[in-house]
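**Student:** Shown below is the structure under consideration.
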Amino acid sequence: MINGINPKSNFEVYRKRPISNVEHHYIDLLYVPIIGKNAYALYNFLWLVDDSRHVNFELMSDLGIDAKELQDALMKLEGTGLLKTYLDHSDEMGLYKYDLVTPLEPDLFFNDSLLSLLLLEMVGEDRYLQLSDQMLPKQFDFSDLDDQTHNFLQVFSVNNNQVNNQPDVIKKVKDKTSQVEGQFNDKLQNDQFDFKLLLNILDNSFVETESIKKYETLLSNTNRLYGISEIEMAQYVEKASNLVNNRFDPKKFKILVSRRNQMNVKNSNNGSNQTAEVVKGKSDLSSQEQQLAQIAETSAPVDFLDSLKNEKGGFTTSAEERILSELVNRNTLSNGAINMLVYHILIDEEKPTINKNLIDTIANDWSQRKINGATAAINDIKHHQENQVQSKGSRKRNYRKHGNVRETLPDWAKPRKAKQSDKQLSDEQRKRISEKLKSLNKKSGDE
């Protein structure tokens, strides 16, 4: 979605089919804890809007929200797969096209690693298990009973010739249904996670590996978000498997992973098995910047954040983990770009915590301009810093405001010389952060 929505811009609403009452029920119980009240109200309102052209200000007026709240609500709907936003630049004021998407079925929702992890973070273990028991399809055992059900051909008479040679109208409709796309496909693939290696490790355990194969996406996204290596992942899979039937329990697995990070347990295998990507423009970076880019590319977002917070004398909050989960959930930025975004806010801006609004603003900007990877992020920050110096006083992107070089950090990452305050990092803290990042990089390289 475009950064900084224009209230005067027009919009049109598109929907492939009506939303059912059952699907509204899915929204109420599974999505509302994640998206919040504004996004929930907007989603329901858009389903009621007619097909004619409207103005974004109407949404703000009817829902009682401002432009920033409208943008945030739209982004939450986009991030959870409930809305696709397109912008027609041929219109003078810009024409937004909002394509509404119905929610996932509960079984697909709970099998989606990112949505289910975020729901667990928001509602807690007890409510999460209660919702899964309430929403997932019930299994009934009728194996000991005599099945008296009549099949279709026992009830209806159908011409065999028509079955074998179906009318053109049926074929035409079938072709349409085969072209329907999935609702929540990942845009970024985690090619660095070795799922075959994980299966090989589990071959030597009691776990039934066949029950693991259908959860590849869950395990891959867990690796990407938390940096859990294949060896450590196998240990969590074993803990989450039933000792009686040897089958994997994904709900228990998510709870164990959530507990691990809520307790802020640091693991010796906390670096992901990623290889730093070869990024265009590497020659434009200093040796320190190249090292920082490599660390950002080879570290999982939660581990990277933990390392920075620990060295600053702070700790990672559950709200910050949710922010990172949402970023990964959107699948528009790589780990390297996400980590540089975090580094920028905590080190460059000297913020005590990562701020959701600032994170969303920069991530949205980078996503639109196809800036991905740590090196591309560093170059973009440097480029806009140079523009600020050249056009001092003019209005630039307000999230970039740093300047001069210090010894232990890359040139672009040094805070500008300003009034000293208690919020500024000491040279000793900066040195410790630099050393911690080097240590983090070494761990990733050793794995």
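Chain labels A, B, ... are given in the sequence in which chains occur in the structure tokens; within each chain residues are numbered consecutively from 1, and ligands are likewise numbered from 1 in the order shown.
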Which residues come within 10 Å of range 61-77 of chain A, counting only C-alpha atoms, excluding same-chain residues fewer than 5 positions away, as an MDAnalysis selection string?
**Tutor:** chainID A and resid 1:7 31 34:43 45 56 82:85 98 100:101 326 330 356:357 360:361 364
**Student:** Write out as a VMD selection string the residues lying within 12 Å of Asp88 in chain A, counting only C-alpha atoms and excluding same-chain residues fewer than 2 positions away.
**Tutor:** chain A and resid 1 to 2 9 to 12 85 to 86 90 to 98
**Student:** Using only C-alpha atoms, which of the listed residues (A:Leu29, A:Ile212, A:Val13, A:Val55) sits closest to Gln130 in chain A?
**Tutor:**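 Once distances to Gln130 in chain A are computed over only C-alpha atoms, the minimum belongs to A:Leu29.
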